[in-house]
$ cat run.txt   # compact mmCIF, C-alpha atoms
# COMPACT_ATOMS: atom_id res chain seq x y z
CA MET A 6 -32.34 2.70 -101.47
CA ASN A 7 -28.91 1.78 -100.11
CA ALA A 8 -28.43 1.29 -96.32
CA PRO A 9 -26.01 3.72 -94.69
CA VAL A 10 -22.49 2.45 -94.40
CA ALA A 11 -20.76 2.77 -91.00
CA SER A 12 -17.48 4.55 -90.99
CA ILE A 13 -14.25 2.83 -89.90
CA HIS A 14 -14.22 5.03 -86.82
CA GLU A 15 -17.70 3.91 -85.80
CA LEU A 16 -16.82 0.20 -86.21
CA SER A 17 -13.69 0.35 -84.10
CA SER A 18 -15.01 2.40 -81.17
CA PRO A 19 -16.15 0.36 -78.08
CA ALA A 20 -19.58 0.87 -76.52
CA PRO A 21 -19.57 3.19 -73.54
CA PRO A 22 -19.26 1.19 -70.24
CA ALA A 23 -22.42 0.73 -68.18
CA ALA A 24 -22.46 2.46 -64.85
CA VAL A 25 -21.18 0.13 -62.04
CA ASN A 26 -22.61 0.31 -58.50
CA VAL A 27 -19.36 -0.22 -56.59
CA ASP A 28 -21.01 -0.31 -53.18
CA ARG A 29 -23.46 -2.98 -54.30
CA LEU A 30 -20.64 -5.04 -55.81
CA ILE A 31 -18.65 -4.89 -52.58
CA VAL A 32 -21.68 -6.01 -50.59
CA GLU A 33 -22.29 -8.90 -52.98
CA LEU A 34 -18.66 -10.01 -52.89
CA ASP A 35 -18.65 -9.86 -49.08
CA TYR A 36 -21.84 -11.92 -48.98
CA GLN A 37 -20.36 -14.56 -51.31
CA ARG A 38 -17.17 -14.65 -49.23
CA ARG A 39 -19.12 -15.23 -46.04
CA LYS A 40 -21.23 -17.91 -47.71
CA ALA A 41 -18.06 -19.67 -48.88
CA GLU A 42 -16.57 -19.49 -45.40
CA GLN A 43 -19.75 -20.89 -43.84
CA LEU A 44 -19.88 -23.66 -46.43
CA ALA A 45 -16.30 -24.59 -45.52
CA LEU A 46 -17.25 -24.63 -41.82
CA MET A 47 -20.27 -26.83 -42.49
CA ASN A 48 -18.10 -29.20 -44.50
CA GLU A 49 -15.73 -29.36 -41.53
CA LEU A 50 -18.71 -30.16 -39.28
CA HIS A 51 -19.77 -32.96 -41.65
CA ALA A 52 -16.28 -34.43 -41.41
CA ARG A 53 -16.22 -34.25 -37.59
CA LEU A 54 -19.64 -35.88 -37.27
CA ALA A 55 -18.67 -38.62 -39.72
CA ARG A 56 -15.94 -39.73 -37.29
CA ALA A 57 -18.39 -40.01 -34.37
CA ILE A 58 -20.32 -43.28 -34.15
CA ASP A 59 -22.43 -42.87 -31.02
CA LEU A 60 -24.65 -40.21 -29.51
CA PRO A 61 -22.20 -38.89 -26.85
CA GLY A 62 -19.45 -38.60 -29.48
CA MET A 63 -21.82 -36.84 -31.85
CA ILE A 64 -22.90 -34.19 -29.33
CA GLU A 65 -19.33 -33.65 -28.13
CA ALA A 66 -18.03 -33.23 -31.70
CA PHE A 67 -20.79 -30.72 -32.44
CA SER A 68 -20.08 -28.68 -29.30
CA VAL A 69 -16.30 -28.62 -29.84
CA TRP A 70 -16.81 -27.51 -33.46
CA LEU A 71 -19.32 -24.81 -32.48
CA LEU A 72 -17.44 -23.31 -29.55
CA PRO A 73 -14.98 -21.07 -31.51
CA HIS A 74 -17.89 -19.57 -33.47
CA VAL A 75 -20.68 -19.44 -30.87
CA GLU A 76 -19.59 -19.36 -27.23
CA HIS A 77 -21.69 -21.63 -25.03
CA GLU A 78 -21.49 -23.50 -21.75
CA LEU A 79 -23.47 -26.59 -22.64
CA ILE A 80 -25.24 -28.47 -25.41
CA ALA A 81 -27.84 -31.05 -24.45
CA TYR A 82 -29.88 -33.42 -26.58
CA ARG A 83 -32.91 -35.56 -25.84
CA ASN A 84 -35.08 -37.92 -27.87
CA PRO A 85 -38.09 -38.76 -25.67
CA ALA A 86 -39.44 -41.42 -28.04
CA ARG A 87 -36.30 -43.53 -27.71
CA GLY A 88 -35.29 -42.50 -24.20
CA ARG A 89 -31.90 -41.19 -25.40
CA SER A 90 -30.22 -38.08 -24.04
CA HIS A 91 -26.76 -36.64 -23.62
CA PHE A 92 -25.22 -33.52 -22.08
CA PHE A 93 -21.88 -32.03 -23.07
CA CYS A 94 -20.67 -29.21 -20.82
CA SER A 95 -17.45 -27.23 -21.23
CA SER A 96 -17.68 -25.71 -17.74
CA HIS A 97 -16.48 -27.17 -14.44
CA GLY A 98 -17.31 -27.11 -10.74
CA PRO A 99 -20.41 -25.30 -9.44
CA LEU A 100 -20.96 -23.63 -12.83
CA ARG A 101 -21.16 -27.02 -14.49
CA ARG A 102 -23.71 -28.28 -11.98
CA GLN A 103 -25.80 -25.16 -12.46
CA VAL A 104 -25.96 -25.26 -16.25
CA VAL A 105 -26.56 -29.03 -16.30
CA ARG A 106 -29.51 -28.54 -13.94
CA ILE A 107 -30.90 -25.76 -16.13
CA ALA A 108 -30.61 -27.93 -19.24
CA ALA A 109 -32.13 -30.96 -17.49
CA GLU A 110 -35.15 -28.87 -16.54
CA ALA A 111 -35.41 -27.62 -20.12
CA LEU A 112 -35.41 -31.19 -21.41
CA GLY A 113 -37.77 -32.50 -18.75
CA PRO A 114 -41.46 -33.36 -19.22
CA ALA A 115 -42.53 -29.79 -18.44
CA GLY A 116 -39.90 -28.41 -20.85
CA ARG A 117 -38.55 -25.22 -19.31
CA PRO A 118 -39.07 -22.44 -21.88
CA ALA A 119 -36.25 -20.64 -23.61
CA GLY A 120 -35.16 -17.27 -22.30
CA LYS A 121 -33.05 -15.68 -19.59
CA ILE A 122 -32.65 -18.06 -16.63
CA GLU A 123 -30.42 -17.47 -13.59
CA GLY A 124 -28.20 -15.17 -15.61
CA PHE A 125 -27.87 -17.59 -18.55
CA SER A 126 -29.49 -17.55 -21.98
CA LEU A 127 -31.33 -20.76 -22.77
CA TYR A 128 -32.19 -21.74 -26.36
CA ARG A 129 -34.26 -24.70 -27.56
CA TRP A 130 -34.68 -26.21 -31.01
CA ARG A 131 -36.70 -29.16 -32.30
CA LEU A 132 -35.06 -31.23 -35.02
CA ASP A 133 -37.85 -33.72 -35.85
CA SER A 134 -35.38 -36.09 -37.51
CA ARG A 135 -38.10 -38.58 -38.46
CA PRO A 136 -41.85 -39.15 -37.95
CA GLY A 137 -42.57 -39.77 -34.28
CA ASP A 138 -39.21 -38.44 -33.10
CA LYS A 139 -39.23 -35.10 -31.30
CA ASP A 140 -35.55 -34.37 -30.89
CA VAL A 141 -34.80 -31.41 -28.64
CA VAL A 142 -31.47 -29.57 -28.60
CA VAL A 143 -30.71 -27.11 -25.80
CA LEU A 144 -27.94 -24.52 -25.80
CA VAL A 145 -26.96 -22.65 -22.63
CA CYS A 146 -24.85 -19.49 -23.03
CA GLN A 147 -23.59 -16.82 -20.66
CA ARG A 148 -24.42 -14.10 -23.18
CA PRO A 149 -27.42 -13.85 -25.50
CA LEU A 150 -26.84 -14.72 -29.15
CA ASP A 151 -27.27 -12.13 -31.89
CA ARG A 152 -29.31 -12.78 -35.03
CA SER A 153 -26.28 -13.91 -37.03
CA SER A 154 -25.23 -16.45 -34.38
CA LEU A 155 -28.76 -17.84 -34.12
CA SER A 156 -28.88 -18.29 -37.88
CA PHE A 157 -25.49 -20.01 -37.80
CA VAL A 158 -26.64 -22.45 -35.09
CA ARG A 159 -29.83 -23.27 -37.04
CA ASP A 160 -27.79 -24.02 -40.16
CA ALA A 161 -25.46 -26.21 -38.12
CA LEU A 162 -28.40 -28.11 -36.60
CA ASP A 163 -29.60 -28.89 -40.12
CA VAL A 164 -26.23 -30.57 -40.67
CA LEU A 165 -26.50 -32.41 -37.33
CA ARG A 166 -29.95 -33.90 -38.02
CA GLU A 167 -28.94 -36.76 -40.32
CA PRO A 168 -25.84 -37.90 -38.35
CA LEU A 169 -27.97 -37.92 -35.19
CA ARG A 170 -30.41 -40.26 -36.88
CA ARG A 171 -27.50 -42.51 -37.83
CA ALA A 172 -26.21 -42.48 -34.24
CA LEU A 173 -29.64 -43.38 -32.85
CA ASP A 174 -30.03 -46.21 -35.35
CA TYR A 175 -26.59 -47.49 -34.41
CA GLU A 176 -27.47 -47.45 -30.72
CA ASP A 177 -30.77 -49.21 -31.42
CA LEU A 178 -28.95 -51.96 -33.32
CA PHE A 179 -26.36 -52.24 -30.53
CA GLU A 180 -29.16 -52.46 -27.96
CA MET A 181 -30.92 -55.17 -29.95
CA ALA A 182 -27.73 -57.17 -30.39
CA ASN A 183 -26.88 -57.12 -26.68
CA HIS A 184 -30.26 -57.40 -24.98
CA ASP A 185 -32.95 -60.00 -24.80
CA ALA A 186 -35.93 -58.82 -26.87
CA LEU A 187 -38.57 -60.15 -24.44
CA THR A 188 -37.26 -58.99 -21.06
CA GLY A 189 -34.79 -56.25 -22.00
CA LEU A 190 -32.10 -57.91 -19.88
CA ALA A 191 -28.55 -58.39 -21.10
CA ASN A 192 -27.95 -61.54 -23.14
CA ARG A 193 -25.13 -64.11 -23.35
CA ARG A 194 -23.10 -61.86 -25.63
CA VAL A 195 -22.88 -59.23 -22.87
CA LEU A 196 -21.95 -61.91 -20.32
CA ASP A 197 -19.12 -63.16 -22.54
CA ASP A 198 -17.84 -59.59 -23.01
CA ARG A 199 -18.05 -58.44 -19.40
CA ILE A 200 -17.42 -61.35 -17.04
CA GLY A 201 -13.72 -61.58 -17.93
CA PRO A 202 -12.98 -57.92 -17.06
CA ILE A 203 -15.11 -58.23 -13.88
CA MET A 204 -13.06 -61.22 -12.74
CA ASP A 205 -9.81 -59.44 -13.64
CA SER A 206 -10.85 -56.45 -11.52
CA ALA A 207 -11.72 -58.71 -8.57
CA ARG A 208 -8.33 -60.41 -8.89
CA ARG A 209 -6.36 -57.18 -9.25
CA HIS A 210 -8.00 -55.37 -6.34
CA LYS A 211 -8.57 -58.48 -4.20
CA ARG A 212 -12.32 -57.77 -3.99
CA PRO A 213 -15.19 -60.27 -3.51
CA LEU A 214 -17.22 -61.52 -6.46
CA VAL A 215 -20.28 -63.80 -6.40
CA VAL A 216 -22.17 -65.43 -9.26
CA ALA A 217 -25.79 -66.55 -8.90
CA ALA A 218 -27.46 -69.02 -11.26
CA LEU A 219 -31.26 -68.73 -11.23
CA ASP A 220 -33.90 -71.02 -12.70
CA LEU A 221 -37.67 -70.63 -12.35
CA ASP A 222 -39.58 -73.45 -10.65
CA HIS A 223 -42.66 -74.87 -12.40
CA PHE A 224 -42.43 -72.44 -15.32
CA LYS A 225 -43.28 -75.31 -17.71
CA GLU A 226 -46.69 -75.56 -16.07
CA VAL A 227 -47.31 -71.88 -16.85
CA ASN A 228 -46.67 -72.48 -20.55
CA ASP A 229 -48.58 -75.77 -20.62
CA HIS A 230 -51.70 -74.58 -18.78
CA LEU A 231 -51.84 -70.82 -19.41
CA GLY A 232 -50.21 -70.60 -22.83
CA HIS A 233 -46.93 -69.24 -24.15
CA ALA A 234 -48.22 -65.66 -24.35
CA GLU A 235 -48.89 -65.76 -20.62
CA GLY A 236 -45.51 -67.40 -20.15
CA ASP A 237 -43.88 -64.44 -21.87
CA ARG A 238 -45.71 -62.03 -19.56
CA VAL A 239 -44.56 -64.02 -16.53
CA LEU A 240 -40.94 -63.82 -17.70
CA GLN A 241 -41.31 -60.05 -18.06
CA GLN A 242 -42.73 -59.80 -14.53
CA VAL A 243 -39.90 -61.88 -13.09
CA ALA A 244 -37.30 -59.84 -14.98
CA ALA A 245 -38.81 -56.62 -13.60
CA VAL A 246 -38.55 -57.97 -10.03
CA MET A 247 -34.92 -58.95 -10.56
CA ARG A 248 -33.98 -55.69 -12.24
CA GLN A 249 -35.43 -53.68 -9.37
CA ALA A 250 -33.51 -55.72 -6.79
CA VAL A 251 -30.01 -55.44 -8.27
CA ARG A 252 -27.58 -52.53 -8.50
CA SER A 253 -26.53 -50.79 -11.68
CA SER A 254 -23.03 -52.25 -11.21
CA ASP A 255 -24.41 -55.82 -11.16
CA LEU A 256 -24.78 -57.83 -14.35
CA LEU A 257 -28.17 -59.51 -14.79
CA VAL A 258 -28.41 -61.82 -17.82
CA ARG A 259 -31.19 -63.89 -19.34
CA MET A 260 -29.40 -67.04 -20.43
CA GLY A 261 -32.41 -68.40 -22.30
CA GLY A 262 -35.82 -69.81 -21.48
CA ASP A 263 -36.41 -69.41 -17.74
CA GLU A 264 -32.69 -69.36 -16.82
CA PHE A 265 -30.90 -66.26 -15.57
CA LEU A 266 -27.43 -65.42 -14.31
CA LEU A 267 -26.48 -62.67 -11.88
CA VAL A 268 -22.89 -61.44 -11.51
CA LEU A 269 -22.35 -59.51 -8.26
CA PRO A 270 -19.02 -57.66 -8.06
CA GLU A 271 -17.96 -56.10 -4.76
CA THR A 272 -20.40 -58.41 -2.95
CA SER A 273 -19.73 -60.78 -0.08
CA LEU A 274 -21.28 -64.22 -0.01
CA ASN A 275 -23.49 -63.25 2.96
CA ASP A 276 -24.80 -60.18 1.16
CA ALA A 277 -25.41 -62.23 -1.99
CA ARG A 278 -27.38 -64.79 0.06
CA THR A 279 -29.52 -62.01 1.55
CA LEU A 280 -30.30 -60.73 -1.95
CA ALA A 281 -31.03 -64.23 -3.27
CA GLU A 282 -33.40 -65.06 -0.41
CA ARG A 283 -35.22 -61.78 -1.00
CA LEU A 284 -35.63 -62.70 -4.67
CA VAL A 285 -37.05 -66.09 -3.68
CA ARG A 286 -39.67 -64.35 -1.53
CA GLN A 287 -40.51 -61.68 -4.10
CA ILE A 288 -40.95 -64.10 -7.00
CA ALA A 289 -43.10 -66.38 -4.86
CA GLY A 290 -45.02 -63.25 -3.90
CA LEU A 291 -46.06 -62.74 -7.53
CA ASP A 292 -48.62 -65.45 -6.68
CA ILE A 293 -48.51 -67.11 -10.10
CA GLU A 294 -49.97 -70.62 -10.16
CA ALA A 295 -50.61 -73.09 -12.98
CA GLY A 296 -51.49 -76.77 -12.93
CA GLY A 297 -51.62 -76.76 -9.15
CA ARG A 298 -47.99 -75.59 -8.92
CA ARG A 299 -46.76 -72.22 -7.71
CA LEU A 300 -44.08 -70.38 -9.63
CA GLY A 301 -40.85 -69.96 -7.68
CA VAL A 302 -37.13 -69.65 -8.25
CA SER A 303 -34.15 -71.79 -7.29
CA ILE A 304 -30.80 -70.03 -6.91
CA GLY A 305 -27.26 -71.35 -6.70
CA LEU A 306 -24.53 -69.07 -5.32
CA VAL A 307 -20.80 -69.46 -5.75
CA SER A 308 -18.05 -67.14 -4.56
CA TRP A 309 -15.17 -66.62 -6.99
CA ARG A 310 -11.71 -67.64 -5.75
CA PRO A 311 -8.35 -66.60 -7.21
CA GLY A 312 -7.27 -69.09 -9.82
CA MET A 313 -10.84 -70.06 -10.74
CA SER A 314 -11.49 -69.71 -14.49
CA LYS A 315 -14.68 -68.33 -16.01
CA GLU A 316 -15.73 -71.82 -17.08
CA GLU A 317 -15.14 -73.24 -13.58
CA LEU A 318 -17.05 -70.37 -11.98
CA LEU A 319 -20.11 -70.79 -14.20
CA GLN A 320 -20.06 -74.59 -13.92
CA LYS A 321 -19.89 -74.38 -10.13
CA ALA A 322 -22.84 -71.97 -10.09
CA ASP A 323 -24.84 -74.37 -12.27
CA GLU A 324 -24.01 -77.34 -10.04
CA THR A 325 -25.07 -75.38 -6.95
CA LEU A 326 -28.34 -74.42 -8.66
CA TYR A 327 -28.99 -78.13 -9.27
CA ARG A 328 -28.54 -78.73 -5.53
CA ALA A 329 -31.21 -76.12 -4.79
CA LYS A 330 -33.57 -77.87 -7.22
CA ALA A 331 -32.83 -81.28 -5.71
CA ALA A 332 -33.38 -79.97 -2.16
CA GLY A 333 -36.99 -79.03 -2.91
CA ARG A 334 -36.87 -75.91 -5.14
CA ASN A 335 -37.86 -72.36 -4.27
CA ARG A 336 -34.68 -71.96 -2.23
CA VAL A 337 -31.06 -70.79 -2.21
CA ALA A 338 -28.07 -73.11 -2.28
CA VAL A 339 -24.56 -71.89 -1.56
CA ALA A 340 -21.50 -73.72 -2.84
CA GLY A 341 -19.90 -75.53 0.09
CA SER A 342 -22.97 -75.33 2.41
CA ARG A 343 -26.49 -76.71 2.69
CA ALA A 344 -29.38 -75.30 0.67
CA ARG A 345 -31.70 -72.90 2.47
CA GLY A 346 -35.32 -72.89 1.43
CA GLY A 347 -37.85 -70.15 1.07
CA ARG A 348 -41.11 -70.59 2.97
CA GLN A 349 -43.82 -72.29 0.94
CA ARG A 350 -47.19 -70.72 1.55
CA ARG A 351 -50.03 -73.19 2.19
CA ARG A 352 -53.26 -72.87 0.33
$ encode --input "run.txt" --output "structure tokens"
Amino acid sequence: MNAPVASIHELSSPAPPAAVNVDRLIVELDYQRRKAEQLALMNELHARLARAIDLPGMIEAFSVWLLPHVEHELIAYRNPARGRSHFFCSSHGPLRRQVVRIAAEALGPAGRPAGKIEGFSLYRWRLDSRPGDKDVVVLVCQRPLDRSSLSFVRDALDVLREPLRRALDYEDLFEMANHDALTGLANRRVLDDRIGPIMDSARRHKRPLVVAALDLDHFKEVNDHLGHAEGDRVLQQVAAVMRQAVRSSDLLVRMGGDEFLLVLPETSLNDARTLAERLVRQIAGLDIEAGGRRLGVSIGLVSWRPGMSKEELLQKADETLYRAKAAGRNRVAVAGSRARGGRQRRR
């Protein structure tokens, strides 16, 4: 039996068009448009973050990028495990102080919960950039965010996570390169970088500057009789005493072994001597003894004079320290005057 043959009319006629849901198509096209726009924004954020190398720059770049899309007063970040935090606030005056305080409370140990606070909306997110890290990001806004804005911020924080990790790693490497691993004090590299500008500032503004060279007395006996592990602990104790005694504007450096250097800008020679004599007493007060000898510190002070080079300043401080050692140790010597000793306690 022969199969039916289609007519020429049947072969040339197109199939009837399927019914098109115009409303659904418009919604889909709008969704794809918005996704493309958001993707472009996230790519822009990637580019901005790529140009930032440290944590403050990273948080500032994120806030500046976010502001046209999600109005906010402040973005704050904290990594408790590494002790890193940064606040970037676009407000000024009393408003700035208020929102910074709110954010600081939100990032504190108690962790102020999100919600409406003093007329502001507070939001908190955890990034968990790596095992052990509990990154917290806080956003403070004058108006509450709608669902779309919250979703946008969450997507943006996903972009921020990896650059933040890079910034933290960079800061860790920078910290390691510029600080002594045992005591946490600045190292010679920091001294070389900073002492020149400190001297230039003293010269330009005609301000006093004193350098103190410090060397522990009888530290060798600690290592010889108590062991190097105990010697390391003693160095950490001494460094803690010194760090607590100096100002944030002072430069305290571990030069190596049991030698330290203290640069004291905006400090008169009399004030430097008072500080040095207090350090002599406090280090003796640690009551560390080995081989029948008590740990102490000898300190040489020199006041910078116009025309004195960095090399001359440091050499003079070292020579003055030697005078303190030669005069009996556990005392302060000042360039151009007699050494003054700390009181030795009798046993």
$ residues_near_point --input "run.txt" --point "(-14.2, -57.2, -10.8)" --cutoff "12 Å" --atoms "all atoms listed in the file" --output "JSON, numbers by chain"
{"A": [199, 200, 201, 202, 203, 204, 205, 206, 207, 208, 209, 210, 211, 212, 213, 214, 215, 216, 254, 255, 256, 268, 269, 270, 271, 272, 309, 310, 311]}
$ closest_residue --input "run.txt" --among "A:Asp160, A:Glu76, A:Glu110, A:Asp198" --to "Leu50 of chain A" --atoms "all atoms listed in the file"
A:Asp160
$ residues_around --input "run.txt" --residues "segment 290-294 of chain A" --least-positions-apart "2" --cutoff "12 Å" --atoms "all atoms listed in the file" --output "JSON, numbers by chain"
{"A": [221, 222, 223, 224, 225, 226, 227, 228, 229, 230, 231, 235, 236, 238, 239, 240, 241, 242, 243, 244, 245, 246, 283, 284, 285, 286, 287, 288, 296, 297, 298, 299, 300, 301, 302, 335, 347, 348, 349, 350, 351, 352]}
$ residues_around --input "run.txt" --residues "His74 of chain A" --least-positions-apart "5" --cutoff "10 Å" --atoms "only C-alpha atoms" --output "list in words"
Leu46, Val69, Ser154, Phe157 and Val158 of chain A
$ closest_residue --input "run.txt" --among "A:Met260, A:Leu144, A:Ile122, A:Ala55" --to "Cys94 of chain A" --atoms "only C-alpha atoms"
A:Leu144
$ residues_near_point --input "run.txt" --point "(-17.2, -32.0, -41.6)" --cutoff "12 Å" --atoms "all atoms listed in the file" --output "short mmCIF file (atom, residue, chain, number, x, y, z; two decimals) with C-alpha atoms, in the frame of the given file"
data_model
loop_
_atom_site.label_atom_id
_atom_site.label_comp_id
_atom_site.auth_asym_id
_atom_site.auth_seq_id
_atom_site.Cartn_x
_atom_site.Cartn_y
_atom_site.Cartn_z
CA GLN A 43 -19.75 -20.89 -43.84
CA LEU A 44 -19.88 -23.66 -46.43
CA ALA A 45 -16.30 -24.59 -45.52
CA LEU A 46 -17.25 -24.63 -41.82
CA MET A 47 -20.27 -26.83 -42.49
CA ASN A 48 -18.10 -29.20 -44.50
CA GLU A 49 -15.73 -29.36 -41.53
CA LEU A 50 -18.71 -30.16 -39.28
CA HIS A 51 -19.77 -32.96 -41.65
CA ALA A 52 -16.28 -34.43 -41.41
CA ARG A 53 -16.22 -34.25 -37.59
CA LEU A 54 -19.64 -35.88 -37.27
CA ALA A 55 -18.67 -38.62 -39.72
CA ARG A 56 -15.94 -39.73 -37.29
CA ALA A 57 -18.39 -40.01 -34.37
CA MET A 63 -21.82 -36.84 -31.85
CA ALA A 66 -18.03 -33.23 -31.70
CA PHE A 67 -20.79 -30.72 -32.44
CA TRP A 70 -16.81 -27.51 -33.46
CA LEU A 71 -19.32 -24.81 -32.48
CA ALA A 161 -25.46 -26.21 -38.12
CA VAL A 164 -26.23 -30.57 -40.67
CA LEU A 165 -26.50 -32.41 -37.33
CA PRO A 168 -25.84 -37.90 -38.35
#
$ build_atoms --input "run.txt" --residues "segment 126-150 of chain A" --atoms "N, CA and C atoms" --output "PDB file, in the coordinates of the input"
ATOM      1  N   SER A 126     -28.537 -17.560 -20.866  1.00  0.00           N
ATOM      2  CA  SER A 126     -29.490 -17.550 -21.980  1.00  0.00           C
ATOM      3  C   SER A 126     -29.713 -18.986 -22.432  1.00  0.00           C
ATOM      4  N   LEU A 127     -30.959 -19.394 -22.416  1.00  0.00           N
ATOM      5  CA  LEU A 127     -31.330 -20.760 -22.770  1.00  0.00           C
ATOM      6  C   LEU A 127     -32.047 -20.752 -24.123  1.00  0.00           C
ATOM      7  N   TYR A 128     -31.588 -21.614 -25.027  1.00  0.00           N
ATOM      8  CA  TYR A 128     -32.190 -21.740 -26.360  1.00  0.00           C
ATOM      9  C   TYR A 128     -32.600 -23.179 -26.580  1.00  0.00           C
ATOM     10  N   ARG A 129     -33.733 -23.363 -27.258  1.00  0.00           N
ATOM     11  CA  ARG A 129     -34.260 -24.700 -27.560  1.00  0.00           C
ATOM     12  C   ARG A 129     -34.615 -24.796 -29.039  1.00  0.00           C
ATOM     13  N   TRP A 130     -34.280 -25.931 -29.628  1.00  0.00           N
ATOM     14  CA  TRP A 130     -34.680 -26.210 -31.010  1.00  0.00           C
ATOM     15  C   TRP A 130     -35.228 -27.625 -31.097  1.00  0.00           C
ATOM     16  N   ARG A 131     -36.194 -27.819 -31.991  1.00  0.00           N
ATOM     17  CA  ARG A 131     -36.700 -29.160 -32.300  1.00  0.00           C
ATOM     18  C   ARG A 131     -36.162 -29.563 -33.675  1.00  0.00           C
ATOM     19  N   LEU A 132     -35.627 -30.782 -33.746  1.00  0.00           N
ATOM     20  CA  LEU A 132     -35.060 -31.230 -35.020  1.00  0.00           C
ATOM     21  C   LEU A 132     -36.033 -32.071 -35.830  1.00  0.00           C
ATOM     22  N   ASP A 133     -36.900 -32.856 -35.140  1.00  0.00           N
ATOM     23  CA  ASP A 133     -37.850 -33.720 -35.850  1.00  0.00           C
ATOM     24  C   ASP A 133     -37.137 -34.511 -36.942  1.00  0.00           C
ATOM     25  N   SER A 134     -36.195 -35.371 -36.532  1.00  0.00           N
ATOM     26  CA  SER A 134     -35.380 -36.090 -37.510  1.00  0.00           C
ATOM     27  C   SER A 134     -36.160 -37.133 -38.289  1.00  0.00           C
ATOM     28  N   ARG A 135     -37.278 -37.606 -37.740  1.00  0.00           N
ATOM     29  CA  ARG A 135     -38.100 -38.580 -38.460  1.00  0.00           C
ATOM     30  C   ARG A 135     -39.485 -38.583 -37.830  1.00  0.00           C
ATOM     31  N   PRO A 136     -40.498 -39.127 -38.525  1.00  0.00           N
ATOM     32  CA  PRO A 136     -41.850 -39.150 -37.950  1.00  0.00           C
ATOM     33  C   PRO A 136     -41.859 -39.849 -36.593  1.00  0.00           C
ATOM     34  N   GLY A 137     -42.480 -39.208 -35.628  1.00  0.00           N
ATOM     35  CA  GLY A 137     -42.570 -39.770 -34.280  1.00  0.00           C
ATOM     36  C   GLY A 137     -41.456 -39.339 -33.365  1.00  0.00           C
ATOM     37  N   ASP A 138     -40.329 -38.909 -33.918  1.00  0.00           N
ATOM     38  CA  ASP A 138     -39.210 -38.440 -33.100  1.00  0.00           C
ATOM     39  C   ASP A 138     -39.338 -36.943 -32.877  1.00  0.00           C
ATOM     40  N   LYS A 139     -39.177 -36.525 -31.653  1.00  0.00           N
ATOM     41  CA  LYS A 139     -39.230 -35.100 -31.300  1.00  0.00           C
ATOM     42  C   LYS A 139     -37.921 -34.718 -30.634  1.00  0.00           C
ATOM     43  N   ASP A 140     -36.865 -34.697 -31.424  1.00  0.00           N
ATOM     44  CA  ASP A 140     -35.550 -34.370 -30.890  1.00  0.00           C
ATOM     45  C   ASP A 140     -35.519 -32.933 -30.390  1.00  0.00           C
ATOM     46  N   VAL A 141     -34.938 -32.741 -29.210  1.00  0.00           N
ATOM     47  CA  VAL A 141     -34.800 -31.410 -28.640  1.00  0.00           C
ATOM     48  C   VAL A 141     -33.325 -31.140 -28.379  1.00  0.00           C
ATOM     49  N   VAL A 142     -32.842 -30.001 -28.863  1.00  0.00           N
ATOM     50  CA  VAL A 142     -31.470 -29.570 -28.600  1.00  0.00           C
ATOM     51  C   VAL A 142     -31.530 -28.297 -27.769  1.00  0.00           C
ATOM     52  N   VAL A 143     -30.741 -28.264 -26.694  1.00  0.00           N
ATOM     53  CA  VAL A 143     -30.710 -27.110 -25.800  1.00  0.00           C
ATOM     54  C   VAL A 143     -29.302 -26.541 -25.786  1.00  0.00           C
ATOM     55  N   LEU A 144     -29.225 -25.234 -25.865  1.00  0.00           N
ATOM     56  CA  LEU A 144     -27.940 -24.520 -25.800  1.00  0.00           C
ATOM     57  C   LEU A 144     -28.014 -23.542 -24.646  1.00  0.00           C
ATOM     58  N   VAL A 145     -27.021 -23.580 -23.754  1.00  0.00           N
ATOM     59  CA  VAL A 145     -26.960 -22.650 -22.630  1.00  0.00           C
ATOM     60  C   VAL A 145     -25.731 -21.775 -22.791  1.00  0.00           C
ATOM     61  N   CYS A 146     -25.940 -20.453 -22.815  1.00  0.00           N
ATOM     62  CA  CYS A 146     -24.850 -19.490 -23.030  1.00  0.00           C
ATOM     63  C   CYS A 146     -24.836 -18.475 -21.900  1.00  0.00           C
ATOM     64  N   GLN A 147     -23.666 -17.894 -21.658  1.00  0.00           N
ATOM     65  CA  GLN A 147     -23.590 -16.820 -20.660  1.00  0.00           C
ATOM     66  C   GLN A 147     -24.078 -15.507 -21.237  1.00  0.00           C
ATOM     67  N   ARG A 148     -23.950 -15.337 -22.536  1.00  0.00           N
ATOM     68  CA  ARG A 148     -24.420 -14.100 -23.180  1.00  0.00           C
ATOM     69  C   ARG A 148     -25.440 -14.443 -24.244  1.00  0.00           C
ATOM     70  N   PRO A 149     -26.420 -13.577 -24.461  1.00  0.00           N
ATOM     71  CA  PRO A 149     -27.420 -13.850 -25.500  1.00  0.00           C
ATOM     72  C   PRO A 149     -26.785 -13.840 -26.891  1.00  0.00           C
ATOM     73  N   LEU A 150     -27.353 -14.624 -27.793  1.00  0.00           N
ATOM     74  CA  LEU A 150     -26.840 -14.720 -29.150  1.00  0.00           C
ATOM     75  C   LEU A 150     -27.487 -13.666 -30.037  1.00  0.00           C
TER      76      LEU A 150
END
